[in-house]
Amino acid sequence: MTPWKVLVVDDEKEICLDLEKHLRSLGYAVFTGHTLAQAREIIQQHKIDIAILDMVLPDGSGLQVYERLKHRFPHAYTIIITGNATLDNTITALNYGVDAYLLKPFPVEALNASLLQATTNLKLREENQRLIEENQKTRRFYENLLNSSSEAIFVVNLDFLIQYCNSTAENFLKMSFEELFNQNLQNYILDGYKVLNHVYHQLMIGKPVGGYRVTLRVDNTQKLDVNLSADFLHENGSQTAGLIITLENTTFQNDLFNQLLRKEKLASIANLANALAHEIRNPINILSGRIQLLKKEATDKRFQKSFEIIQRQIDRISYIVTQLLKFNVNWDDTIPEIFPITEFLENFIRQRRGNYPNIQFKMDFPPAVRQIRIEANKYQFEDAFHYLFQGFQNITTGPMGLTISAHVSKAFSPKPRVRVEFFPDGKPNLSKTFEPFRLLTQSATSGSSLESAIVHTIFSNYGGTLRIDEDAPQGPLLMIEFPVYDVTETSASSRTGRRPSTARGKTKQ
């Protein structure tokens, strides 16, 4: 352990030497001075734990040293020594707050007793500081833990006055803890008095409280449906001090339910596609083998035309089987990401422009839309947009301009959606190419409605919808709409002048 540091200040050098020798024998680190100026210099350069100060110095007093010492080291233990023990000096020293007062010449036992008291006090203060720091560290840990929860957590007393809330609760109510402290929670819940009293009585009779659907008053115009759970807060073993109330946004549960529902739908589609592919592949293999035998047996040129037609149809059905097997991709197990849809499209087209030589791309994305982010999986979207642009590629054999624009619509409830619009030059029949499961008359190499079905399936898995407007004023139009996940802070700051209020990085609730 680092030795305690002691400052000795006395104008008599012999006394300083004696004290220094004695203190070092006890294991203390000692600094000595003989004037007020020297004492101030030592205090400026070293941390001092204990000070032994003569009352009278050539250029001042020991009390002046004490004042400077306490300014820098408030917890230092101070012993005043003096050869002139008047009542006024004693009262003055005690009024200043010195810890001990010794009259010269003092016995070594008296000094040792003061030093023992000093080290005891310092150890107690050091231990107290350690406990305070540990308590603060523990408090910060639990506060960080509570603030990491997606649930709003309130601690209320038995009068339902808010004593604590986490950051999610602040985001739910759009108020700070300082504003919510000692406010009655029932004021922020629809029929709050009835709800909270019912919760209290349920807990009193030993019934669990969880999953109660209640409505939270966000402000005078907004309301939020939440699930309420509660339990008693106990202190001193069993004494009830209040309630812990958690509120969970039902939007999260609804989104989770929809994801599970989409997963089941995708599984059903994949199972059906696999079954169809298996059932079709077997007879196609038989037909393909038979046609090869017939070609060898029937060498008359009159049959060659028919053989060619049959072979083309076999190839087309084989192609359809290949497309069916693409539904077997395990889309539901891929991890969604958060990204700007416009940036994704720009990067995708820049990297793959060579795959669509017929298309001349033109993109028109307003700055505000560039900050809009959606939730999806980029690998799946790469497949979907490849099939989409392949469809445009197959519409015509010549060059075709394709203008892509985007904007946000808030006309949808409960969340806004971003719409990406595709304007091809001319007046192509978009429905014939992009409507799923429409029977086509083109050859297999011209594309398949199954590719369009894959596009629809991938987009719908993330809440996206694909629509076609053949009668739009500017010509046939293909639109894809996605739910807006959030807006990046740069955009939000530019519009509001402040950081957006988010919960765990999300603006949605």
# chains A, B, ... in the order shown; residues from 1 in each chain; ligands from 1
call {"tool": "select_by_dssp", "arguments": {"residues": "stretch 38-204 of chain A", "states": "strand (DSSP E or B)", "output": "mmCIF file with C-alpha atoms, in the first residue's frame"}}
result
data_model
loop_
_atom_site.group_PDB
_atom_site.id
_atom_site.type_symbol
_atom_site.label_atom_id
_atom_site.label_comp_id
_atom_site.auth_asym_id
_atom_site.auth_seq_id
_atom_site.Cartn_x
_atom_site.Cartn_y
_atom_site.Cartn_z
ATOM 1 C CA ILE A 50 -1.864 14.539 6.830
ATOM 2 C CA ALA A 51 -0.495 17.973 7.768
ATOM 3 C CA ILE A 52 1.312 18.973 10.991
ATOM 4 C CA LEU A 53 1.355 22.793 11.008
ATOM 5 C CA ASP A 54 2.898 25.301 13.364
ATOM 6 C CA VAL A 56 3.024 30.877 13.754
ATOM 7 C CA LEU A 57 5.281 31.106 10.674
ATOM 8 C CA GLY A 60 2.111 33.912 7.782
ATOM 9 C CA SER A 61 0.279 31.376 9.895
ATOM 10 C CA TYR A 77 -6.263 15.476 8.271
ATOM 11 C CA THR A 78 -4.729 18.537 9.966
ATOM 12 C CA ILE A 79 -2.868 18.795 13.310
ATOM 13 C CA ILE A 80 -2.010 22.280 14.613
ATOM 14 C CA ILE A 81 1.005 22.573 16.946
ATOM 15 C CA THR A 82 1.816 25.728 18.880
ATOM 16 C CA ALA A 100 -6.310 18.099 16.333
ATOM 17 C CA TYR A 101 -4.504 20.696 18.454
ATOM 18 C CA LEU A 102 -1.187 19.961 20.290
ATOM 19 C CA LEU A 103 0.719 22.217 22.676
ATOM 20 C CA ALA A 152 -40.865 0.891 -20.984
ATOM 21 C CA ILE A 153 -40.132 0.345 -17.285
ATOM 22 C CA PHE A 154 -41.670 2.485 -14.541
ATOM 23 C CA VAL A 155 -41.083 2.253 -10.795
ATOM 24 C CA VAL A 156 -43.924 3.892 -8.864
ATOM 25 C CA ASN A 157 -44.658 4.187 -5.167
ATOM 26 C CA LEU A 161 -46.092 8.445 -8.364
ATOM 27 C CA ILE A 162 -43.225 7.804 -10.788
ATOM 28 C CA GLN A 163 -39.912 7.322 -8.960
ATOM 29 C CA TYR A 164 -37.903 5.953 -11.882
ATOM 30 C CA CYS A 165 -38.292 5.240 -15.579
ATOM 31 C CA ASN A 184 -48.822 10.138 -11.300
ATOM 32 C CA ILE A 189 -52.862 5.772 -19.095
#
call {"tool": "select_by_dssp", "arguments": {"residues": "stretch 76-124 of chain A", "states": "helix (DSSP H, G or I)", "output": "ChimeraX atom specification"}}
result
/A:87-96,108-124
call {"tool": "residues_around", "arguments": {"residues": "A:Lys70", "least_positions_apart": "6", "cutoff": "12 Å", "atoms": "only C-alpha atoms", "output": "PyMOL selection string"}}
result
chain A and resi 40+43-44+47-51+63-64+76-78+96-99
call {"tool": "closest_residue", "arguments": {"among": "A:Leu19, A:Leu173, A:Phe181, A:Ser148", "to": "A:Asn112", "atoms": "only C-alpha atoms"}}
result
A:Leu19
call {"tool": "residues_around", "arguments": {"residues": "stretch 126-141 of chain A", "least_positions_apart": "5", "cutoff": "12 Å", "atoms": "only C-alpha atoms", "output": "JSON, numbers by chain"}}
result
{"A": [4, 49, 75, 76, 119, 120, 121, 146, 147, 148]}
call {"tool": "atom_distance", "arguments": {"atom1": "atom CA of A:Gly464", "atom2": "atom CA of A:Pro366"}}
result
20.7 Å
call {"tool": "residues_around", "arguments": {"residues": "A:Phe434", "least_positions_apart": "6", "cutoff": "12 Å", "atoms": "only C-alpha atoms", "output": "ChimeraX atom specification"}}
result
/A:384-385,387-392,394-395,428,440,447-456,466-470,477-480
call {"tool": "residues_around", "arguments": {"residues": "A:Gly426", "least_positions_apart": "4", "cutoff": "10 Å", "atoms": "only C-alpha atoms", "output": "ChimeraX atom specification"}}
result
/A:400-402,474-476
call {"tool": "write_last_selection", "arguments": {"atoms": "C-alpha atoms", "output": "PDB file, in the first residue's frame"}}
result
ATOM      1  CA  MET A 400     -35.182   1.064 -73.969  1.00  0.00           C
ATOM      2  CA  GLY A 401     -34.922   3.993 -71.553  1.00  0.00           C
ATOM      3  CA  LEU A 402     -35.971   3.253 -67.975  1.00  0.00           C
ATOM      4  CA  GLN A 474     -46.998   9.367 -68.642  1.00  0.00           C
ATOM      5  CA  GLY A 475     -47.413   5.810 -69.899  1.00  0.00           C
ATOM      6  CA  PRO A 476     -47.332   2.339 -68.326  1.00  0.00           C
TER       7      PRO A 476
END
call {"tool": "residues_around", "arguments": {"residues": "A:His34", "least_positions_apart": "5", "cutoff": "12 Å", "atoms": "only C-alpha atoms", "output": "short mmCIF file (atom, residue, chain, number, x, y, z; two decimals) with N, CA and C atoms, in the first residue's frame"}}
result
data_model
loop_
_atom_site.label_atom_id
_atom_site.label_comp_id
_atom_site.auth_asym_id
_atom_site.auth_seq_id
_atom_site.Cartn_x
_atom_site.Cartn_y
_atom_site.Cartn_z
N LEU A 7 2.76 16.35 5.54
CA LEU A 7 3.42 17.66 5.41
C LEU A 7 3.69 18.20 6.81
N VAL A 8 4.97 18.51 7.08
CA VAL A 8 5.36 19.12 8.36
C VAL A 8 5.87 20.53 8.08
N VAL A 9 5.26 21.54 8.73
CA VAL A 9 5.65 22.93 8.53
C VAL A 9 5.91 23.56 9.91
N ASP A 10 7.16 23.95 10.17
CA ASP A 10 7.53 24.62 11.43
C ASP A 10 8.78 25.44 11.16
N ASP A 11 8.79 26.64 11.71
CA ASP A 11 9.94 27.50 11.46
C ASP A 11 11.18 27.05 12.22
N GLU A 12 11.03 26.17 13.20
CA GLU A 12 12.17 25.62 13.92
C GLU A 12 12.61 24.33 13.23
N LYS A 13 13.82 24.37 12.63
CA LYS A 13 14.30 23.25 11.83
C LYS A 13 14.52 22.00 12.66
N GLU A 14 14.92 22.16 13.94
CA GLU A 14 15.14 20.98 14.78
C GLU A 14 13.84 20.21 14.99
N ILE A 15 12.78 20.96 15.22
CA ILE A 15 11.48 20.29 15.40
C ILE A 15 11.08 19.55 14.13
N CYS A 16 11.31 20.17 12.97
CA CYS A 16 10.98 19.51 11.69
C CYS A 16 11.79 18.23 11.52
N LEU A 17 13.09 18.29 11.88
CA LEU A 17 13.94 17.10 11.72
C LEU A 17 13.49 15.99 12.65
N ALA A 39 5.45 25.83 2.16
CA ALA A 39 4.30 24.94 2.35
C ALA A 39 3.38 24.96 1.13
N ARG A 40 3.12 26.16 0.61
CA ARG A 40 2.25 26.27 -0.57
C ARG A 40 2.86 25.57 -1.78
N GLU A 41 4.19 25.68 -1.93
CA GLU A 41 4.86 25.02 -3.05
C GLU A 41 4.75 23.49 -2.94
N ILE A 42 4.92 22.96 -1.73
CA ILE A 42 4.80 21.51 -1.52
C ILE A 42 3.37 21.04 -1.81
N ILE A 52 0.97 18.52 9.64
CA ILE A 52 1.31 18.97 10.99
C ILE A 52 1.85 20.39 10.85
N LEU A 53 1.08 21.39 11.32
CA LEU A 53 1.35 22.79 11.01
C LEU A 53 1.57 23.59 12.29
N ASP A 54 2.67 24.36 12.26
CA ASP A 54 2.90 25.30 13.36
C ASP A 54 1.95 26.48 13.19
N MET A 55 1.44 26.98 14.28
CA MET A 55 0.48 28.07 14.21
C MET A 55 1.13 29.35 13.68
N VAL A 56 2.37 29.63 14.12
CA VAL A 56 3.02 30.88 13.75
C VAL A 56 4.20 30.58 12.82
N LEU A 57 4.20 31.25 11.66
CA LEU A 57 5.28 31.11 10.67
C LEU A 57 5.87 32.47 10.37
N PRO A 58 7.09 32.51 9.84
CA PRO A 58 7.72 33.82 9.59
C PRO A 58 6.92 34.69 8.62
N ASP A 59 6.29 34.09 7.62
CA ASP A 59 5.58 34.87 6.60
C ASP A 59 4.07 34.64 6.62
N GLY A 60 3.55 34.15 7.71
CA GLY A 60 2.11 33.91 7.78
C GLY A 60 1.77 33.06 8.98
N SER A 61 0.72 32.23 8.79
CA SER A 61 0.28 31.38 9.89
C SER A 61 -0.04 29.98 9.37
N GLY A 62 -0.07 29.06 10.31
CA GLY A 62 -0.43 27.69 9.94
C GLY A 62 -1.85 27.58 9.43
N VAL A 65 -1.84 28.04 5.74
CA VAL A 65 -1.45 26.78 5.09
C VAL A 65 -2.65 25.84 5.06
#
call {"tool": "atom_distance", "arguments": {"atom1": "atom CA of A:Val199", "atom2": "atom CA of A:Ile245"}}
result
9.7 Å
call {"tool": "atom_distance", "arguments": {"atom1": "atom CA of A:Val369", "atom2": "atom CA of A:Asp486"}}
result
11.2 Å
